[in-house]
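Before any comments, here is the structure.
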Amino acid sequence: MSIISKVLYRINIAGGIIVEGKFNKSTKNSKKINEQTLFRILKINEKSEFGKKFNFRSIKSVEQYKNQVPLGEYKDYESYILRMVNGEENVLTSDHIKYFGHTSGTTGKQKLIPATKRSRRICLKYMAILINKFSYNNFKEQWNYGKGLMIADIVTATYTKDKVPICSATSGGMKGIKNVIGYLYTSPIEVMKIKDKEEALYLHLLFALEEEKLLYIGGTFISSILDLFRVLEERYEELVQDIRNGSINKNLKIDDDIRKLLSRKISPNRERAIKLQSEFQKGFKGIARRVWKSLAYIATVTGGNFSIYNSSVNFYTDSIPIYSAAYGCTEAMIGINPYVDKIRYVIVPDTAYYEFIPVDFVGNKTFEISELELGKSYEVAVTNYAGLYRYKIGDVVRVVGFYNNSPEIEFLYRKNQILNMVAEKTNEDQLTTAVKNTIRILKLNLTDYTTAPDISVTPGRYIFYFEFWNDIPMSKIKTIEDILDNELRKSNLAYDRARSNRRLQSVKVEVLRANTFSKVKDFLFKKGVSKNQIKIPRVLIKNEEILSIISSNSLASKKYRNVI
């Protein structure tokens, strides 16, 4: 830990005290602050083409805004955004576009979302300052001002003709702090420029393993944390050799310029190599605690459909706390989690203006931040600083509490990730619950899964595509199917009724070859998805190319190709 690193951390925590105070004040006045945010956004953008079209200048109340501006989805904004990509200014927003964030595209068409300097600055004070302060609050007794292993990148997928970057939101955020990356994280900035995911993970590990006082491991999603530990288990011998020799593995497929720069930042460390080798030879259960004695927590998004990875990560970490710090998307930073022992997010009133649509509600009525009810589920719409107005992001959340006067929410599912063959509407949350219970009951070691509706039989059924970490006897598949179907009936009563009425038949399980989901991730990466933002879609309906990869890697002799 350098003096500069420690000073930066202390400055960050001091700044966090100020931001935390403002956060507490704003959540006590969430309705007022959120409405002020709306009118600030309208004022900034009233001279944009969109602002003139809907006469932002005339809007004097929230009700007038809702009556004057329609609820929208990406298709309603796509033509405007494409004009902005082609260089037009003052279209959706009067601010200059800093970059276009591309969504993961794992559940459908990849979208381009504008980001401005103002929208990034508002997000940054929470993502870079308040999250660190809440981390400090929760882990104060273990805090050593050590660096973190941060699985992130600053890779730009491409540029517009006017040289505006097109990249993931996380990459755009990391570029904003590129000058301090070397002081906060173990990985040199050159590692974050590497496109190949496995090669980047190897190098993240190489530099982190040299840092004995590592404070935390961070990544966008918990699936990337699991990938990191699996690379560690598979390639530990090479890593130990590189640490012993102070070298960069000659088999890594990286640019020569990056190799030279990284080679200058590593020195032989025989003593550390011997200690690491000794721990690796004992096995990989709890390996994180053994090689990093000061490791306090894992910082990553989990919960919802990501929770299937938790048990596998816990195997490697000996259940080090997993802190799911924030809930956001390319369109907006929505919520911050003050708690390490709960996965729930306090809606931040000043990052965007929020509207909430009750699930299964008929009509266009929306509710404000102050009108939400405990236990109710809502679809989220945002008006943000970068040119999206009453924009439905497609997420469904549930209110689980209140922090001062601001709702605490948990993420449930994406609206387009639903199996709905006979109006049963089985969502991501229900699928994940059934899968988690099944693997717990049968003590299965699941790598990943996805599903698809199957109409090759009558009545129809769900196919679950499972990849396991170890071999599964084919004789066990029927047991998995029976338990999974029973758990699914318990998680979704509408599915249970459909099964009882024989409108659906029992689920079918297809076991996949090893590394099938790695092939899916490679495919998504080649499409331009950031390697750290890749999410496996839980429902394959419009993802024909992914379904082709999945079905071609099934171990079953019969392929079920006639899917919706």
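Scheme for the structure tokens: letters A, B, ... for chains in order shown; per-chain residue numbers from 1; ligand numbers from 1 in order shown.
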Query - Nearby residues (only C-alpha atoms) at most 6 Å from Tyr465 in chain A, same-chain spacing under 3 positions excluded, as a ChimeraX atom specification - result: /A:449-451,510-511
Selection export as a PDB file, in the first residue's frame, atoms kept: C-alpha atoms:
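Result written to again.pdb:
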```pdb
ATOM      1  CA  TYR A 449     -28.569 -22.864 -17.042  1.00  0.00           C
ATOM      2  CA  THR A 450     -31.103 -21.469 -19.476  1.00  0.00           C
ATOM      3  CA  THR A 451     -34.608 -22.434 -20.604  1.00  0.00           C
ATOM      4  CA  GLU A 510     -31.125 -31.399 -21.304  1.00  0.00           C
ATOM      5  CA  VAL A 511     -27.548 -31.807 -20.024  1.00  0.00           C
TER       6      VAL A 511
END
```
Requested in this report: Excluding range 296-306 of chain A and any residue of its chain fewer than 6 positions from it, enumerate the residues within 6 Å of it, using only C-alpha atoms, and give them as a list in words.
Outcome: Leu215, Tyr216, Ile217, Gly218, Gly219, Thr220, Phe221, Ile222, Ile320, Pro321, Ile322, Tyr323, Ser324, Leu412 and Thr432 of chain A
Now that the selection is made, can you save its residues with N, CA, C and O atoms as a CSV table (one decimal), in the first residue's frame?
```csv
chain,number,residue,atom,x,y,z
A,215,LEU,N,-7.8,-6.1,0.0
A,215,LEU,CA,-8.9,-5.8,0.8
A,215,LEU,C,-10.2,-6.4,0.3
A,215,LEU,O,-11.0,-6.9,1.1
A,216,TYR,N,-10.5,-6.4,-1.0
A,216,TYR,CA,-11.7,-7.0,-1.5
A,216,TYR,C,-11.5,-7.4,-3.0
A,216,TYR,O,-10.5,-7.1,-3.6
A,217,ILE,N,-12.5,-8.1,-3.5
A,217,ILE,CA,-12.5,-8.5,-4.9
A,217,ILE,C,-13.8,-8.0,-5.4
A,217,ILE,O,-14.9,-8.2,-4.9
A,218,GLY,N,-13.8,-7.3,-6.6
A,218,GLY,CA,-14.9,-6.7,-7.1
A,218,GLY,C,-15.1,-7.0,-8.6
A,218,GLY,O,-14.2,-7.3,-9.3
A,219,GLY,N,-16.4,-7.0,-9.0
A,219,GLY,CA,-16.7,-7.3,-10.4
A,219,GLY,C,-18.2,-6.9,-10.6
A,219,GLY,O,-19.0,-6.8,-9.7
A,220,THR,N,-18.5,-6.6,-11.9
A,220,THR,CA,-19.9,-6.1,-12.2
A,220,THR,C,-20.9,-7.1,-11.7
A,220,THR,O,-21.9,-6.8,-11.0
A,221,PHE,N,-20.8,-8.4,-12.1
A,221,PHE,CA,-21.7,-9.4,-11.7
A,221,PHE,C,-21.0,-10.6,-11.0
A,221,PHE,O,-19.8,-10.9,-11.3
A,222,ILE,N,-21.7,-11.3,-10.2
A,222,ILE,CA,-21.1,-12.4,-9.4
A,222,ILE,C,-20.6,-13.5,-10.4
A,222,ILE,O,-19.7,-14.3,-10.0
A,320,ILE,N,-17.0,-15.7,2.5
A,320,ILE,CA,-16.7,-14.3,2.7
A,320,ILE,C,-17.9,-13.5,2.3
A,320,ILE,O,-18.6,-13.8,1.3
A,321,PRO,N,-18.3,-12.4,3.1
A,321,PRO,CA,-19.5,-11.6,2.7
A,321,PRO,C,-19.5,-11.1,1.3
A,321,PRO,O,-18.5,-10.7,0.8
A,322,ILE,N,-20.7,-11.3,0.6
A,322,ILE,CA,-20.9,-10.8,-0.7
A,322,ILE,C,-21.7,-9.5,-0.6
A,322,ILE,O,-22.9,-9.6,-0.2
A,323,TYR,N,-21.1,-8.4,-0.9
A,323,TYR,CA,-21.8,-7.1,-0.8
A,323,TYR,C,-22.3,-6.7,-2.2
A,323,TYR,O,-21.5,-6.3,-3.0
A,324,SER,N,-23.6,-6.7,-2.3
A,324,SER,CA,-24.3,-6.3,-3.6
A,324,SER,C,-24.6,-4.8,-3.4
A,324,SER,O,-25.7,-4.5,-2.9
A,412,LEU,N,-36.5,-8.2,-9.2
A,412,LEU,CA,-37.2,-9.5,-9.4
A,412,LEU,C,-36.9,-10.1,-10.7
A,412,LEU,O,-36.3,-11.2,-10.8
A,432,THR,N,-35.5,-19.1,-11.1
A,432,THR,CA,-34.3,-19.2,-10.3
A,432,THR,C,-34.5,-19.9,-9.0
A,432,THR,O,-33.7,-20.7,-8.5
```
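Residues in contact with Ile44 in chain A at 10 Å, where only C-alpha atoms are counted and same-chain residues fewer than 5 positions away are skipped, are listed as Phe39, Gly51, Phe56, Thr93, Ser94, Asp95 and Tyr385 of chain A.
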Print the selection's residues with C-alpha atoms to a file, as an mmCIF file, in the first residue's frame.
```cif
data_model
loop_
_atom_site.group_PDB
_atom_site.id
_atom_site.type_symbol
_atom_site.label_atom_id
_atom_site.label_comp_id
_atom_site.auth_asym_id
_atom_site.auth_seq_id
_atom_site.Cartn_x
_atom_site.Cartn_y
_atom_site.Cartn_z
ATOM 1 C CA PHE A 39 -37.948 19.795 -13.433
ATOM 2 C CA GLY A 51 -38.061 19.205 -25.501
ATOM 3 C CA PHE A 56 -41.056 21.065 -21.817
ATOM 4 C CA THR A 93 -30.694 16.318 -24.862
ATOM 5 C CA SER A 94 -29.007 19.691 -25.061
ATOM 6 C CA ASP A 95 -25.872 18.298 -23.389
ATOM 7 C CA TYR A 385 -30.319 13.423 -17.532
#
```
Report task. Fewer than 3 positions away in the same chain doesn't count, so skip those; otherwise give me all residues within 12 Å of Ile266 in chain A, counting only C-alpha atoms, as a ChimeraX atom specification. Result -> /A:186-188,203,206-211,242-249,259-263,269
Keeping only N, CA and C atoms, take the residues you just selected and write them out as a JSON list (two decimals), in the first residue's frame.
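out.json written:
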```json
[["chain", "number", "residue", "atom", "x", "y", "z"],
["A", 186, "THR", "N", -5.31, -3.54, -7.87],
["A", 186, "THR", "CA", -4.06, -4.28, -8.07],
["A", 186, "THR", "C", -3.68, -4.36, -9.54],
["A", 187, "SER", "N", -4.66, -4.36, -10.43],
["A", 187, "SER", "CA", -4.38, -4.53, -11.86],
["A", 187, "SER", "C", -3.93, -3.22, -12.50],
["A", 188, "PRO", "N", -2.81, -3.22, -13.20],
["A", 188, "PRO", "CA", -2.42, -2.03, -13.97],
["A", 188, "PRO", "C", -3.47, -1.72, -15.03],
["A", 203, "LEU", "N", -4.42, -12.23, -15.85],
["A", 203, "LEU", "CA", -3.55, -11.12, -15.44],
["A", 203, "LEU", "C", -4.10, -10.39, -14.21],
["A", 206, "LEU", "N", -2.81, -12.56, -11.52],
["A", 206, "LEU", "CA", -1.36, -12.49, -11.37],
["A", 206, "LEU", "C", -0.95, -11.31, -10.49],
["A", 207, "PHE", "N", -1.50, -10.14, -10.78],
["A", 207, "PHE", "CA", -1.11, -8.96, -10.00],
["A", 207, "PHE", "C", -1.77, -8.94, -8.63],
["A", 208, "ALA", "N", -2.96, -9.52, -8.51],
["A", 208, "ALA", "CA", -3.63, -9.57, -7.21],
["A", 208, "ALA", "C", -2.96, -10.55, -6.26],
["A", 209, "LEU", "N", -2.45, -11.66, -6.78],
["A", 209, "LEU", "CA", -1.80, -12.66, -5.93],
["A", 209, "LEU", "C", -0.51, -12.12, -5.30],
["A", 210, "GLU", "N", 0.07, -11.12, -5.93],
["A", 210, "GLU", "CA", 1.25, -10.50, -5.34],
["A", 210, "GLU", "C", 0.90, -9.57, -4.18],
["A", 211, "GLU", "N", -0.36, -9.18, -4.11],
["A", 211, "GLU", "CA", -0.83, -8.24, -3.08],
["A", 211, "GLU", "C", -1.35, -9.04, -1.88],
["A", 242, "ASP", "N", 4.87, -17.65, -12.89],
["A", 242, "ASP", "CA", 5.06, -16.26, -13.28],
["A", 242, "ASP", "C", 5.47, -15.40, -12.08],
["A", 243, "ILE", "N", 4.87, -15.67, -10.92],
["A", 243, "ILE", "CA", 5.22, -14.90, -9.71],
["A", 243, "ILE", "C", 6.64, -15.23, -9.27],
["A", 244, "ARG", "N", 7.00, -16.49, -9.36],
["A", 244, "ARG", "CA", 8.37, -16.90, -8.98],
["A", 244, "ARG", "C", 9.41, -16.23, -9.87],
["A", 245, "ASN", "N", 9.11, -16.18, -11.19],
["A", 245, "ASN", "CA", 10.08, -15.67, -12.15],
["A", 245, "ASN", "C", 9.94, -14.16, -12.41],
["A", 246, "GLY", "N", 8.83, -13.57, -11.96],
["A", 246, "GLY", "CA", 8.59, -12.18, -12.30],
["A", 246, "GLY", "C", 8.37, -12.00, -13.78],
["A", 247, "SER", "N", 7.55, -12.88, -14.35],
["A", 247, "SER", "CA", 7.37, -12.90, -15.81],
["A", 247, "SER", "C", 5.90, -12.84, -16.18],
["A", 248, "ILE", "N", 5.63, -12.55, -17.44],
["A", 248, "ILE", "CA", 4.29, -12.59, -18.01],
["A", 248, "ILE", "C", 4.22, -13.81, -18.91],
["A", 249, "ASN", "N", 3.33, -14.72, -18.59],
["A", 249, "ASN", "CA", 3.19, -15.99, -19.31],
["A", 249, "ASN", "C", 3.32, -15.80, -20.82],
["A", 259, "ARG", "N", 2.40, -6.43, -23.29],
["A", 259, "ARG", "CA", 3.30, -7.38, -22.60],
["A", 259, "ARG", "C", 4.53, -6.67, -22.05],
["A", 260, "LYS", "N", 5.11, -5.79, -22.84],
["A", 260, "LYS", "CA", 6.32, -5.07, -22.41],
["A", 260, "LYS", "C", 6.01, -4.16, -21.22],
["A", 261, "LEU", "N", 4.88, -3.46, -21.31],
["A", 261, "LEU", "CA", 4.51, -2.55, -20.22],
["A", 261, "LEU", "C", 4.24, -3.33, -18.92],
["A", 262, "LEU", "N", 3.56, -4.46, -19.04],
["A", 262, "LEU", "CA", 3.25, -5.27, -17.84],
["A", 262, "LEU", "C", 4.50, -5.91, -17.27],
["A", 263, "SER", "N", 5.43, -6.29, -18.13],
["A", 263, "SER", "CA", 6.66, -6.94, -17.67],
["A", 263, "SER", "C", 7.47, -6.02, -16.76],
["A", 269, "ASN", "N", 9.34, -13.02, -7.21],
["A", 269, "ASN", "CA", 8.93, -13.06, -5.80],
["A", 269, "ASN", "C", 8.86, -14.53, -5.38]]
```
Query raised in the report: So which bits of range 494-549 of chain A end up helix (DSSP H, G or I) when you DSSP the backbone, as a PyMOL selection string?
Result: chain A and resi 494-500+516-526+544-549
Would you put the residues from that selection into a file with N, CA and C atoms, as a PDB file, in the first residue's frame?
```
ATOM      1  N   ALA A 494     -49.630 -20.426 -10.960  1.00  0.00           N
ATOM      2  CA  ALA A 494     -50.261 -20.481 -12.283  1.00  0.00           C
ATOM      3  C   ALA A 494     -49.688 -21.644 -13.094  1.00  0.00           C
ATOM      4  N   TYR A 495     -48.390 -21.887 -12.955  1.00  0.00           N
ATOM      5  CA  TYR A 495     -47.785 -23.051 -13.610  1.00  0.00           C
ATOM      6  C   TYR A 495     -48.350 -24.337 -13.010  1.00  0.00           C
ATOM      7  N   ASP A 496     -48.505 -24.351 -11.702  1.00  0.00           N
ATOM      8  CA  ASP A 496     -49.079 -25.521 -11.023  1.00  0.00           C
ATOM      9  C   ASP A 496     -50.477 -25.835 -11.562  1.00  0.00           C
ATOM     10  N   ARG A 497     -51.293 -24.812 -11.753  1.00  0.00           N
ATOM     11  CA  ARG A 497     -52.649 -25.023 -12.292  1.00  0.00           C
ATOM     12  C   ARG A 497     -52.581 -25.561 -13.719  1.00  0.00           C
ATOM     13  N   ALA A 498     -51.646 -25.004 -14.508  1.00  0.00           N
ATOM     14  CA  ALA A 498     -51.499 -25.469 -15.887  1.00  0.00           C
ATOM     15  C   ALA A 498     -51.068 -26.933 -15.937  1.00  0.00           C
ATOM     16  N   ARG A 499     -50.248 -27.352 -14.980  1.00  0.00           N
ATOM     17  CA  ARG A 499     -49.824 -28.755 -14.910  1.00  0.00           C
ATOM     18  C   ARG A 499     -50.999 -29.631 -14.462  1.00  0.00           C
ATOM     19  N   SER A 500     -51.748 -29.156 -13.479  1.00  0.00           N
ATOM     20  CA  SER A 500     -52.883 -29.933 -12.969  1.00  0.00           C
ATOM     21  C   SER A 500     -53.962 -30.108 -14.038  1.00  0.00           C
ATOM     22  N   THR A 516     -20.114 -25.245 -22.553  1.00  0.00           N
ATOM     23  CA  THR A 516     -21.141 -24.724 -23.461  1.00  0.00           C
ATOM     24  C   THR A 516     -21.407 -23.252 -23.190  1.00  0.00           C
ATOM     25  N   PHE A 517     -21.554 -22.891 -21.922  1.00  0.00           N
ATOM     26  CA  PHE A 517     -21.862 -21.494 -21.614  1.00  0.00           C
ATOM     27  C   PHE A 517     -20.661 -20.588 -21.840  1.00  0.00           C
ATOM     28  N   SER A 518     -19.459 -21.140 -21.831  1.00  0.00           N
ATOM     29  CA  SER A 518     -18.288 -20.354 -22.231  1.00  0.00           C
ATOM     30  C   SER A 518     -18.385 -19.987 -23.709  1.00  0.00           C
ATOM     31  N   LYS A 519     -18.911 -20.909 -24.507  1.00  0.00           N
ATOM     32  CA  LYS A 519     -19.111 -20.636 -25.940  1.00  0.00           C
ATOM     33  C   LYS A 519     -20.175 -19.564 -26.133  1.00  0.00           C
ATOM     34  N   VAL A 520     -21.219 -19.617 -25.298  1.00  0.00           N
ATOM     35  CA  VAL A 520     -22.256 -18.580 -25.365  1.00  0.00           C
ATOM     36  C   VAL A 520     -21.654 -17.217 -25.025  1.00  0.00           C
ATOM     37  N   LYS A 521     -20.828 -17.173 -23.981  1.00  0.00           N
ATOM     38  CA  LYS A 521     -20.198 -15.906 -23.586  1.00  0.00           C
ATOM     39  C   LYS A 521     -19.264 -15.402 -24.682  1.00  0.00           C
ATOM     40  N   ASP A 522     -18.534 -16.309 -25.326  1.00  0.00           N
ATOM     41  CA  ASP A 522     -17.648 -15.915 -26.429  1.00  0.00           C
ATOM     42  C   ASP A 522     -18.462 -15.311 -27.571  1.00  0.00           C
ATOM     43  N   PHE A 523     -19.604 -15.937 -27.865  1.00  0.00           N
ATOM     44  CA  PHE A 523     -20.476 -15.429 -28.924  1.00  0.00           C
ATOM     45  C   PHE A 523     -20.965 -14.016 -28.587  1.00  0.00           C
ATOM     46  N   LEU A 524     -21.406 -13.820 -27.338  1.00  0.00           N
ATOM     47  CA  LEU A 524     -21.911 -12.505 -26.932  1.00  0.00           C
ATOM     48  C   LEU A 524     -20.806 -11.462 -26.954  1.00  0.00           C
ATOM     49  N   PHE A 525     -19.611 -11.870 -26.552  1.00  0.00           N
ATOM     50  CA  PHE A 525     -18.476 -10.949 -26.567  1.00  0.00           C
ATOM     51  C   PHE A 525     -18.160 -10.500 -27.992  1.00  0.00           C
ATOM     52  N   LYS A 526     -18.230 -11.427 -28.944  1.00  0.00           N
ATOM     53  CA  LYS A 526     -17.945 -11.090 -30.344  1.00  0.00           C
ATOM     54  C   LYS A 526     -19.019 -10.176 -30.922  1.00  0.00           C
ATOM     55  N   GLU A 544     -32.131 -16.915 -31.240  1.00  0.00           N
ATOM     56  CA  GLU A 544     -31.971 -18.126 -32.050  1.00  0.00           C
ATOM     57  C   GLU A 544     -30.521 -18.567 -32.156  1.00  0.00           C
ATOM     58  N   GLU A 545     -29.594 -17.614 -32.245  1.00  0.00           N
ATOM     59  CA  GLU A 545     -28.180 -17.983 -32.377  1.00  0.00           C
ATOM     60  C   GLU A 545     -27.673 -18.644 -31.096  1.00  0.00           C
ATOM     61  N   ILE A 546     -28.085 -18.116 -29.937  1.00  0.00           N
ATOM     62  CA  ILE A 546     -27.688 -18.737 -28.671  1.00  0.00           C
ATOM     63  C   ILE A 546     -28.331 -20.112 -28.547  1.00  0.00           C
ATOM     64  N   LEU A 547     -29.594 -20.214 -28.918  1.00  0.00           N
ATOM     65  CA  LEU A 547     -30.282 -21.511 -28.845  1.00  0.00           C
ATOM     66  C   LEU A 547     -29.589 -22.543 -29.726  1.00  0.00           C
ATOM     67  N   SER A 548     -29.067 -22.112 -30.865  1.00  0.00           N
ATOM     68  CA  SER A 548     -28.346 -23.025 -31.752  1.00  0.00           C
ATOM     69  C   SER A 548     -27.079 -23.554 -31.077  1.00  0.00           C
ATOM     70  N   ILE A 549     -26.342 -22.674 -30.377  1.00  0.00           N
ATOM     71  CA  ILE A 549     -25.145 -23.107 -29.639  1.00  0.00           C
ATOM     72  C   ILE A 549     -25.534 -24.093 -28.549  1.00  0.00           C
TER      73      ILE A 549
END
```
Requested in this report: Give me the residues within 10 Å of Ile483 in chain A as a list in words, counting only C-alpha atoms and dropping any in the same chain fewer than 6 places off.
Outcome: Ala434, Val435, Asn437, Thr438, Ile439, Ile441, Leu442, Arg489 and Val507 of chain A
Per residue of range 63-83 of chain A within 9 Å of range 349-372 of chain A, which atom pair is closest and at what distance in Å (one decimal), using only C-alpha atoms, listed by chain and increasing number, as JSON lines?
```
{"residue": "A:Lys66", "atom": "CA", "partner": "A:Thr366", "partner_atom": "CA", "distance": 8.6}
{"residue": "A:Pro70", "atom": "CA", "partner": "A:Asn364", "partner_atom": "CA", "distance": 9.0}
{"residue": "A:Leu71", "atom": "CA", "partner": "A:Asn364", "partner_atom": "CA", "distance": 7.7}
```
Query raised in the report: If you run DSSP on this backbone, which residues of range 340-511 of chain A come out as strand (DSSP E), and could you give them as an MDAnalysis selection string?
Result: chainID A and resid 345:347 353:358 377:383 391:403 406:414 418:419 426:427 446:454 461:468 508:511
Report task. Tell me, as a ChimeraX atom specification, which residues lie within 10 Å of Trp143 in chain A, counting only C-alpha atoms; anything in the same chain fewer than 2 positions away does not count. Result -> /A:135-141,145-146,215-216,294-296
Could you write out that same residue set with C-alpha atoms as a PDB file, in the first residue's frame?
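And here's part_5.pdb as it stands now:
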```pdb
ATOM      1  CA  SER A 135     -18.244  -0.582   2.392  1.00  0.00           C
ATOM      2  CA  TYR A 136     -16.149   1.144   5.042  1.00  0.00           C
ATOM      3  CA  ASN A 137     -19.177   1.354   7.379  1.00  0.00           C
ATOM      4  CA  ASN A 138     -19.803  -2.378   7.062  1.00  0.00           C
ATOM      5  CA  PHE A 139     -16.185  -3.582   7.218  1.00  0.00           C
ATOM      6  CA  LYS A 140     -14.573  -0.927   9.418  1.00  0.00           C
ATOM      7  CA  GLU A 141     -12.950  -3.454  11.769  1.00  0.00           C
ATOM      8  CA  TYR A 145      -6.743   0.615   3.147  1.00  0.00           C
ATOM      9  CA  GLY A 146      -5.523  -2.163   0.880  1.00  0.00           C
ATOM     10  CA  LEU A 215      -8.946  -5.796   0.821  1.00  0.00           C
ATOM     11  CA  TYR A 216     -11.710  -6.952  -1.549  1.00  0.00           C
ATOM     12  CA  SER A 294      -6.923  -9.621   4.886  1.00  0.00           C
ATOM     13  CA  LEU A 295      -9.689 -10.188   2.329  1.00  0.00           C
ATOM     14  CA  ALA A 296     -12.848  -8.664   3.834  1.00  0.00           C
TER      15      ALA A 296
END
```
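Closest approach to Tyr316 in chain A among A:Ser119, A:Asp448, A:Arg290, A:Leu124: A:Arg290, based on only C-alpha atoms.
Put simply, CA of Asp196 in chain A is 18.9 Å away from CA of Thr103 in chain A.
Closest to Glu467 in chain A among A:Leu431, A:Leu488, A:Val346, A:Val509 is A:Val509, based on only C-alpha atoms.
Rounded to one decimal, CA of Leu201 in chain A and CA of Leu226 in chain A lie 10.8 Å from each other.
Ranking A:Ile189, A:Ile97, A:Leu92, A:Ile131 by their shortest atom-to-atom distance to Ile17 in chain A, with only C-alpha atoms included, puts A:Ile131 first.
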